[in-house]
>>> print(open('run-v2.csv').read())   # CSV, C-alpha atoms (C1' of nucleotides)
chain,number,residue,atom,x,y,z
A,1,MET,CA,-46.1,48.1,-72.9
A,2,ALA,CA,-47.0,46.4,-76.1
A,3,LYS,CA,-44.3,44.7,-78.1
A,4,ARG,CA,-43.8,45.9,-81.6
A,5,PRO,CA,-42.4,43.6,-84.4
A,6,LEU,CA,-40.5,46.5,-85.9
A,7,THR,CA,-40.3,44.8,-89.3
A,8,SER,CA,-39.5,46.7,-92.4
A,9,ILE,CA,-43.2,47.2,-93.0
A,10,GLU,CA,-43.0,50.6,-91.4
A,11,PRO,CA,-39.8,52.0,-92.9
A,12,GLU,CA,-40.1,55.5,-91.3
A,13,LEU,CA,-41.0,54.5,-87.9
A,14,CYS,CA,-37.9,55.7,-86.2
A,15,CYS,CA,-37.6,59.1,-87.8
A,16,PRO,CA,-40.4,60.7,-89.7
A,17,SER,CA,-39.5,62.6,-92.8
A,18,VAL,CA,-41.5,65.4,-94.5
A,19,SER,CA,-41.1,63.7,-97.9
A,20,ALA,CA,-41.6,60.1,-97.2
A,21,ALA,CA,-45.4,60.4,-96.7
A,22,PRO,CA,-47.8,63.1,-95.5
A,23,LEU,CA,-47.1,63.4,-91.8
A,24,ALA,CA,-49.8,62.6,-89.3
A,25,GLU,CA,-51.2,65.4,-87.1
A,26,ASP,CA,-49.2,64.5,-84.0
A,27,GLU,CA,-46.0,63.9,-85.9
A,28,ALA,CA,-46.3,67.4,-87.4
A,29,ARG,CA,-47.1,68.8,-84.0
A,30,ASP,CA,-43.9,67.3,-82.5
A,31,LEU,CA,-41.7,68.4,-85.4
A,32,ALA,CA,-43.2,71.9,-85.3
A,33,ALA,CA,-42.5,72.2,-81.6
A,34,ALA,CA,-38.9,71.2,-82.2
A,35,PHE,CA,-38.4,73.7,-85.0
A,36,ALA,CA,-40.1,76.4,-82.9
A,37,ALA,CA,-37.3,76.0,-80.4
A,38,LEU,CA,-34.9,77.0,-83.3
A,39,ALA,CA,-37.1,79.8,-84.4
A,40,ASP,CA,-35.4,82.5,-82.4
A,41,PRO,CA,-32.0,84.1,-83.3
A,42,VAL,CA,-30.9,84.1,-79.7
A,43,ARG,CA,-31.6,80.4,-79.3
A,44,VAL,CA,-29.8,79.6,-82.6
A,45,ARG,CA,-26.8,81.5,-81.4
A,46,LEU,CA,-26.8,79.8,-78.0
A,47,LEU,CA,-27.0,76.4,-79.6
A,48,SER,CA,-24.3,77.4,-82.0
A,49,ILE,CA,-22.0,78.5,-79.2
A,50,ILE,CA,-22.6,75.3,-77.2
A,51,ALA,CA,-22.2,73.1,-80.2
A,52,SER,CA,-19.0,74.6,-81.3
A,53,ALA,CA,-17.3,74.7,-77.9
A,54,PRO,CA,-14.1,72.7,-77.9
A,55,ALA,CA,-14.8,71.2,-74.5
A,56,GLY,CA,-18.2,70.0,-75.7
A,57,GLU,CA,-19.9,72.0,-73.0
A,58,VAL,CA,-20.4,75.6,-71.9
A,59,CYS,CA,-21.1,77.2,-68.6
A,60,ALA,CA,-24.3,79.2,-68.5
A,61,CYS,CA,-22.3,82.0,-67.1
A,62,ASP,CA,-20.4,82.3,-70.4
A,63,LEU,CA,-23.6,82.5,-72.4
A,64,VAL,CA,-25.0,85.8,-71.2
A,65,GLU,CA,-22.5,88.2,-72.6
A,66,PRO,CA,-22.1,86.8,-76.2
A,67,VAL,CA,-25.8,87.0,-77.0
A,68,GLY,CA,-26.3,90.5,-75.5
A,69,ARG,CA,-29.5,89.7,-73.5
A,70,SER,CA,-30.2,89.8,-69.8
A,71,GLN,CA,-29.5,86.8,-67.6
A,72,PRO,CA,-33.2,86.0,-67.1
A,73,THR,CA,-33.7,86.1,-70.8
A,74,VAL,CA,-30.8,83.8,-71.5
A,75,SER,CA,-32.0,81.4,-68.8
A,76,HIS,CA,-35.4,81.4,-70.4
A,77,HIS,CA,-34.0,80.5,-73.8
A,78,LEU,CA,-31.8,77.8,-72.4
A,79,LYS,CA,-34.9,76.3,-70.8
A,80,VAL,CA,-36.7,76.3,-74.2
A,81,LEU,CA,-33.8,74.5,-75.8
A,82,HIS,CA,-33.6,72.0,-73.0
A,83,GLN,CA,-37.3,71.3,-73.1
A,84,ALA,CA,-37.0,70.7,-76.8
A,85,GLY,CA,-34.4,68.1,-76.1
A,86,LEU,CA,-31.7,70.0,-78.0
A,87,VAL,CA,-29.4,70.5,-75.0
A,88,GLU,CA,-28.9,68.8,-71.7
A,89,ARG,CA,-27.9,70.5,-68.5
A,90,GLU,CA,-25.7,69.4,-65.7
A,91,LYS,CA,-25.3,71.3,-62.5
A,92,ARG,CA,-21.9,71.1,-61.0
A,93,GLY,CA,-21.6,73.1,-57.8
A,94,THR,CA,-22.7,76.7,-58.4
A,95,TRP,CA,-22.5,76.5,-62.1
A,96,VAL,CA,-24.6,74.8,-64.8
A,97,TRP,CA,-23.1,73.3,-67.9
A,98,TYR,CA,-24.9,72.8,-71.2
A,99,ARG,CA,-24.2,70.3,-73.9
A,100,VAL,CA,-25.9,69.6,-77.2
A,101,VAL,CA,-27.8,66.4,-77.8
A,102,PRO,CA,-26.4,65.3,-81.2
A,103,GLU,CA,-29.1,62.6,-81.7
A,104,ARG,CA,-31.8,65.2,-81.5
A,105,LEU,CA,-30.1,67.3,-84.1
A,106,ARG,CA,-29.7,64.3,-86.3
A,107,ALA,CA,-33.4,63.5,-85.9
A,108,LEU,CA,-34.4,66.9,-87.1
A,109,GLN,CA,-31.9,66.6,-89.9
A,110,ALA,CA,-33.5,63.4,-91.0
A,111,ALA,CA,-37.0,65.0,-90.9
A,112,LEU,CA,-35.8,67.5,-93.5
A,113,ALA,CA,-34.6,64.8,-95.8
A,114,ALA,CA,-35.8,65.8,-99.3
A,115,THR,CA,-37.0,62.9,-101.4
B,1,MET,CA,-20.6,93.7,-106.4
B,2,ALA,CA,-17.3,93.0,-104.7
B,3,LYS,CA,-15.3,90.0,-105.9
B,4,ARG,CA,-14.6,87.4,-103.3
B,5,PRO,CA,-11.7,85.0,-103.5
B,6,LEU,CA,-13.6,82.1,-102.0
B,7,THR,CA,-10.5,80.4,-100.7
B,8,SER,CA,-10.7,77.7,-98.1
B,9,ILE,CA,-10.0,80.3,-95.5
B,10,GLU,CA,-13.8,80.6,-95.0
B,11,PRO,CA,-14.8,77.0,-94.9
B,12,GLU,CA,-18.5,77.5,-94.0
B,13,LEU,CA,-19.2,80.3,-96.3
B,14,CYS,CA,-21.8,78.5,-98.4
B,15,CYS,CA,-23.8,76.9,-95.6
B,16,PRO,CA,-23.4,78.0,-92.1
B,17,SER,CA,-23.6,75.2,-89.5
B,18,VAL,CA,-24.5,75.6,-85.8
B,19,SER,CA,-21.5,73.5,-84.8
B,20,ALA,CA,-18.7,74.8,-87.0
B,21,ALA,CA,-18.3,78.0,-85.1
B,22,PRO,CA,-20.5,80.4,-83.2
B,23,LEU,CA,-22.9,81.9,-85.7
B,24,ALA,CA,-22.9,85.6,-86.4
B,25,GLU,CA,-25.9,87.6,-85.5
B,26,ASP,CA,-27.2,87.9,-89.0
B,27,GLU,CA,-26.6,84.2,-89.8
B,28,ALA,CA,-28.5,83.3,-86.7
B,29,ARG,CA,-31.3,85.6,-87.7
B,30,ASP,CA,-31.6,84.1,-91.2
B,31,LEU,CA,-31.6,80.6,-89.8
B,32,ALA,CA,-34.1,81.4,-87.2
B,33,ALA,CA,-36.4,82.9,-89.8
B,34,ALA,CA,-36.2,79.7,-91.8
B,35,PHE,CA,-37.0,77.5,-88.9
B,36,ALA,CA,-39.8,79.8,-87.9
B,37,ALA,CA,-41.5,78.9,-91.1
B,38,LEU,CA,-41.4,75.3,-89.9
B,39,ALA,CA,-42.6,76.1,-86.4
B,40,ASP,CA,-46.3,75.5,-87.1
B,41,PRO,CA,-47.9,72.1,-87.4
B,42,VAL,CA,-50.1,73.2,-90.3
B,43,ARG,CA,-47.1,74.3,-92.3
B,44,VAL,CA,-45.2,71.2,-91.5
B,45,ARG,CA,-48.1,69.1,-92.8
B,46,LEU,CA,-48.5,71.3,-95.9
B,47,LEU,CA,-44.8,70.9,-96.7
B,48,SER,CA,-45.0,67.2,-96.1
B,49,ILE,CA,-48.0,66.8,-98.4
B,50,ILE,CA,-46.3,68.7,-101.1
B,51,ALA,CA,-42.9,66.9,-100.6
B,52,SER,CA,-44.4,63.5,-100.7
B,53,ALA,CA,-46.6,64.1,-103.8
B,54,PRO,CA,-45.7,61.6,-106.5
B,55,ALA,CA,-46.1,64.3,-109.2
B,56,GLY,CA,-43.7,66.5,-107.3
B,57,GLU,CA,-46.3,69.2,-107.1
B,58,VAL,CA,-49.7,69.8,-105.5
B,59,CYS,CA,-52.6,72.0,-106.4
B,60,ALA,CA,-53.5,74.5,-103.7
B,61,CYS,CA,-57.1,73.3,-104.0
B,62,ASP,CA,-56.0,69.9,-102.7
B,63,LEU,CA,-54.3,71.4,-99.6
B,64,VAL,CA,-57.3,72.9,-97.8
B,65,GLU,CA,-59.2,69.8,-96.8
B,66,PRO,CA,-56.2,67.6,-95.5
B,67,VAL,CA,-55.1,70.2,-92.9
B,68,GLY,CA,-58.6,71.0,-91.7
B,69,ARG,CA,-58.2,74.8,-91.8
B,70,SER,CA,-60.1,77.5,-93.7
B,71,GLN,CA,-59.0,78.4,-97.2
B,72,PRO,CA,-57.6,81.8,-96.2
B,73,THR,CA,-55.6,80.2,-93.4
B,74,VAL,CA,-54.1,77.7,-95.7
B,75,SER,CA,-53.3,80.4,-98.2
B,76,HIS,CA,-51.6,82.4,-95.5
B,77,HIS,CA,-49.5,79.4,-94.5
B,78,LEU,CA,-48.5,78.7,-98.1
B,79,LYS,CA,-47.4,82.3,-98.3
B,80,VAL,CA,-45.2,81.9,-95.3
B,81,LEU,CA,-43.6,78.7,-96.7
B,82,HIS,CA,-43.1,80.5,-100.0
B,83,GLN,CA,-41.5,83.6,-98.5
B,84,ALA,CA,-39.2,81.3,-96.6
B,85,GLY,CA,-38.0,79.8,-99.9
B,86,LEU,CA,-39.2,76.4,-98.9
B,87,VAL,CA,-41.8,76.0,-101.7
B,88,GLU,CA,-42.3,77.6,-105.1
B,89,ARG,CA,-45.6,78.5,-106.7
B,90,GLU,CA,-46.7,78.4,-110.3
B,91,LYS,CA,-50.1,79.6,-111.5
B,92,ARG,CA,-51.5,77.6,-114.3
B,93,GLY,CA,-54.9,78.9,-115.4
B,94,THR,CA,-57.2,79.0,-112.5
B,95,TRP,CA,-55.1,76.8,-110.3
B,96,VAL,CA,-51.9,77.3,-108.4
B,97,TRP,CA,-49.4,74.5,-108.0
B,98,TYR,CA,-46.8,74.2,-105.3
B,99,ARG,CA,-43.4,72.4,-105.3
B,100,VAL,CA,-40.8,72.0,-102.6
B,101,VAL,CA,-37.4,73.6,-103.1
B,102,PRO,CA,-35.0,70.7,-102.3
B,103,GLU,CA,-31.9,72.9,-102.1
B,104,ARG,CA,-33.5,75.0,-99.4
B,105,LEU,CA,-34.3,71.9,-97.3
B,106,ARG,CA,-30.8,70.7,-97.8
B,107,ALA,CA,-29.4,74.0,-96.6
B,108,LEU,CA,-31.4,73.8,-93.4
B,109,GLN,CA,-30.2,70.2,-93.0
B,110,ALA,CA,-26.6,71.3,-93.3
B,111,ALA,CA,-27.2,73.9,-90.7
B,112,LEU,CA,-28.1,71.3,-88.3
B,113,ALA,CA,-25.0,69.2,-88.9
B,114,ALA,CA,-23.7,68.1,-85.5
B,115,THR,CA,-20.0,68.4,-85.1
C,1,DC,C1',-71.6,90.9,-121.2
C,2,DG,C1',-72.8,87.8,-116.5
C,3,DT,C1',-71.9,84.0,-113.6
C,4,DA,C1',-69.1,80.8,-111.2
C,5,DT,C1',-64.9,79.3,-109.1
C,6,DA,C1',-59.8,79.4,-107.3
C,7,DG,C1',-56.9,81.9,-104.7
C,8,DA,C1',-55.1,86.0,-102.2
C,9,DT,C1',-55.9,89.9,-99.2
C,10,DT,C1',-58.0,92.5,-95.4
C,11,DG,C1',-59.4,93.3,-90.7
C,12,DA,C1',-60.4,91.8,-86.2
C,13,DT,C1',-59.5,89.0,-82.3
C,14,DG,C1',-57.6,85.9,-79.0
C,15,DA,C1',-53.4,83.5,-77.9
C,16,DC,C1',-48.7,83.2,-77.6
C,17,DT,C1',-43.7,84.9,-77.0
C,18,DG,C1',-39.4,87.7,-76.1
C,19,DT,C1',-37.9,90.8,-73.0
C,20,DC,C1',-36.5,92.8,-68.5
C,21,DG,C1',-36.6,94.1,-63.5
C,22,DA,C1',-37.4,92.2,-59.2
C,23,DT,C1',-37.1,88.3,-56.5
C,24,DA,C1',-36.4,83.6,-55.0
C,25,DC,C1',-33.4,79.7,-54.7
C,26,DA,C1',-29.2,77.1,-54.4
C,27,DG,C1',-24.5,76.6,-53.5
C,28,DT,C1',-19.8,78.6,-51.8
C,29,DA,C1',-16.8,81.3,-48.8
C,30,DG,C1',-15.8,83.4,-44.8
D,1,DC,C1',-24.9,81.8,-39.4
D,2,DT,C1',-24.0,85.6,-42.7
D,3,DA,C1',-22.7,87.4,-47.0
D,4,DC,C1',-22.0,86.6,-51.8
D,5,DT,C1',-22.8,84.7,-56.4
D,6,DG,C1',-24.8,82.0,-60.2
D,7,DT,C1',-29.1,80.5,-61.9
D,8,DA,C1',-34.1,80.0,-62.2
D,9,DT,C1',-38.7,81.9,-61.6
D,10,DC,C1',-42.3,85.5,-61.4
D,11,DG,C1',-45.0,89.4,-63.2
D,12,DA,C1',-45.8,92.7,-66.5
D,13,DC,C1',-45.6,94.6,-71.0
D,14,DA,C1',-45.2,95.0,-75.9
D,15,DG,C1',-45.0,92.8,-80.1
D,16,DT,C1',-46.1,88.9,-83.1
D,17,DC,C1',-49.0,85.1,-84.9
D,18,DA,C1',-52.8,81.8,-86.1
D,19,DT,C1',-57.4,81.9,-87.3
D,20,DC,C1',-61.7,83.0,-89.6
D,21,DA,C1',-65.4,85.8,-92.0
D,22,DA,C1',-65.8,89.0,-95.5
D,23,DT,C1',-64.0,90.8,-99.5
D,24,DC,C1',-61.3,91.3,-103.6
D,25,DT,C1',-58.9,89.7,-108.0
D,26,DA,C1',-58.4,86.8,-111.8
D,27,DT,C1',-59.5,83.1,-114.8
D,28,DA,C1',-63.0,80.1,-117.2
D,29,DC,C1',-67.3,79.4,-119.4
D,30,DG,C1',-71.6,80.5,-121.6
>>> encode(input="run-v2.csv", output="structure tokens")
Amino acid sequence: MAKRPLTSIEPELCCPSVSAAPLAEDEARDLAAAFAALADPVRVRLLSIIASAPAGEVCACDLVEPVGRSQPTVSHHLKVLHQAGLVEREKRGTWVWYRVVPERLRALQAALAAT
Amino acid sequence: MAKRPLTSIEPELCCPSVSAAPLAEDEARDLAAAFAALADPVRVRLLSIIASAPAGEVCACDLVEPVGRSQPTVSHHLKVLHQAGLVEREKRGTWVWYRVVPERLRALQAALAAT
DNA sequence: CGTATAGATTGATGACTGTCGATACAGTAG
DNA sequence: CTACTGTATCGACAGTCATCAATCTATACG
């Protein structure tokens, strides 16, 4: 792995923003993929339910009923959120628990920084 | 139009966040629609080019070549961004100029607020 | 008027996506 | 081991979307 100086020469290295400079093609692709994970109402609600849970995590079994979709559909959406890095899963016994990944949300927030 | 008290009883009335409380179905739908506008690499690049323009606005004629798509395709994507409220258009003579809508970006940023 | 150019719209097409029923795959309980 | 339950995967279907060529509209200029 090549070492990188990480000087202030590249100010937006850590978190690209739409307004700092025109995004490169691959940066735009990555960002679009992340936003695509949020482009479905069911996934937004799932993320919202998980993010607002007092315990910081929610059992998958408690996510089916609130969104009014079948269990396979909810499982599919959770997979999309997970692959986008927005939530992490932990299997404990029979159940699977989901937590949000705050850093990932903050990265997307930073990308939307306006001027 | 019904008058609303706007007391602090409804803390997230102005800008719903995914982590404040589970989002209602229509809130989630609106948010998902906004993010869907950002779910395409071409649109992310277009927004980025417009947002980072020194003059604050960009002629549509200068948006076709950078993203490497046909003129109708670029026009289509600009329409999507416009309908999502992310950019505004102004026709001046033959040309059309696009600007970002910072408040809209900030609203989406707020929605991603983690805890 | 006629011509040229910028931009939007239309129509077609191939690819992707949300949904669900059926099924497979863990774990747990007996 | 068997039965049961929570979760993920599979297969199919319908709806949506990105893309381009062709066309249309509007403005500018002789």
>>> residues_around(input="run-v2.csv", residues="region 16-24 of chain D", least_positions_apart="6", cutoff="12 Å", atoms="only C-alpha atoms (C1' of nucleotides)", output="ChimeraX atom specification")
/B:36-37,39-43,68-77,80 /C:7-18
>>> write_last_selection(input="run-v2.csv", atoms="C-alpha atoms (C1' of nucleotides)", output="PDB file, keeping the file's coordinate frame")
ATOM      1  CA  ALA B  36     -39.800  79.800 -87.900  1.00  0.00           C
ATOM      2  CA  ALA B  37     -41.500  78.900 -91.100  1.00  0.00           C
ATOM      3  CA  ALA B  39     -42.600  76.100 -86.400  1.00  0.00           C
ATOM      4  CA  ASP B  40     -46.300  75.500 -87.100  1.00  0.00           C
ATOM      5  CA  PRO B  41     -47.900  72.100 -87.400  1.00  0.00           C
ATOM      6  CA  VAL B  42     -50.100  73.200 -90.300  1.00  0.00           C
ATOM      7  CA  ARG B  43     -47.100  74.300 -92.300  1.00  0.00           C
ATOM      8  CA  GLY B  68     -58.600  71.000 -91.700  1.00  0.00           C
ATOM      9  CA  ARG B  69     -58.200  74.800 -91.800  1.00  0.00           C
ATOM     10  CA  SER B  70     -60.100  77.500 -93.700  1.00  0.00           C
ATOM     11  CA  GLN B  71     -59.000  78.400 -97.200  1.00  0.00           C
ATOM     12  CA  PRO B  72     -57.600  81.800 -96.200  1.00  0.00           C
ATOM     13  CA  THR B  73     -55.600  80.200 -93.400  1.00  0.00           C
ATOM     14  CA  VAL B  74     -54.100  77.700 -95.700  1.00  0.00           C
ATOM     15  CA  SER B  75     -53.300  80.400 -98.200  1.00  0.00           C
ATOM     16  CA  HIS B  76     -51.600  82.400 -95.500  1.00  0.00           C
ATOM     17  CA  HIS B  77     -49.500  79.400 -94.500  1.00  0.00           C
ATOM     18  CA  VAL B  80     -45.200  81.900 -95.300  1.00  0.00           C
TER      19      VAL B  80
ATOM     20  C1'  DG C   7     -56.900  81.900-104.700  1.00  0.00           C
ATOM     21  C1'  DA C   8     -55.100  86.000-102.200  1.00  0.00           C
ATOM     22  C1'  DT C   9     -55.900  89.900 -99.200  1.00  0.00           C
ATOM     23  C1'  DT C  10     -58.000  92.500 -95.400  1.00  0.00           C
ATOM     24  C1'  DG C  11     -59.400  93.300 -90.700  1.00  0.00           C
ATOM     25  C1'  DA C  12     -60.400  91.800 -86.200  1.00  0.00           C
ATOM     26  C1'  DT C  13     -59.500  89.000 -82.300  1.00  0.00           C
ATOM     27  C1'  DG C  14     -57.600  85.900 -79.000  1.00  0.00           C
ATOM     28  C1'  DA C  15     -53.400  83.500 -77.900  1.00  0.00           C
ATOM     29  C1'  DC C  16     -48.700  83.200 -77.600  1.00  0.00           C
ATOM     30  C1'  DT C  17     -43.700  84.900 -77.000  1.00  0.00           C
ATOM     31  C1'  DG C  18     -39.400  87.700 -76.100  1.00  0.00           C
TER      32       DG C  18
END
>>> atom_distance(input="run-v2.csv", atom1="C1' of DT9 (chain D)", atom2="CA of Glu57 (chain A)")
24.1 Å
>>> closest_atom_pairs(input="run-v2.csv", of="chain D", to="chain A", cutoff="9 Å", atoms="only C-alpha atoms (C1' of nucleotides)", output="Markdown table")
| residue | atom | partner | partner_atom | distance |
| --- | --- | --- | --- | --- |
| D:DT5 | C1' | A:Thr94 | CA | 8.2 |
| D:DG6 | C1' | A:Thr94 | CA | 6.0 |
| D:DT7 | C1' | A:Ser75 | CA | 7.5 |
| D:DA8 | C1' | A:Ser75 | CA | 7.1 |
| D:DT9 | C1' | A:Pro72 | CA | 8.8 |
>>> interface_residues(input="run-v2.csv", of="chain C", to="chain A", cutoff="12 Å", atoms="all atoms listed in the file", output="number ranges by chain")
C: 17-23, 25-28
>>> interface_residues(input="run-v2.csv", of="chain A", to="chain B", cutoff="10 Å", atoms="all atoms listed in the file", output="PyMOL selection string")
chain A and resi 17-54+56+66-67+100-115
>>> atom_distance(input="run-v2.csv", atom1="CA of Gln83 (chain B)", atom2="CA of Trp97 (chain B)")
15.3 Å
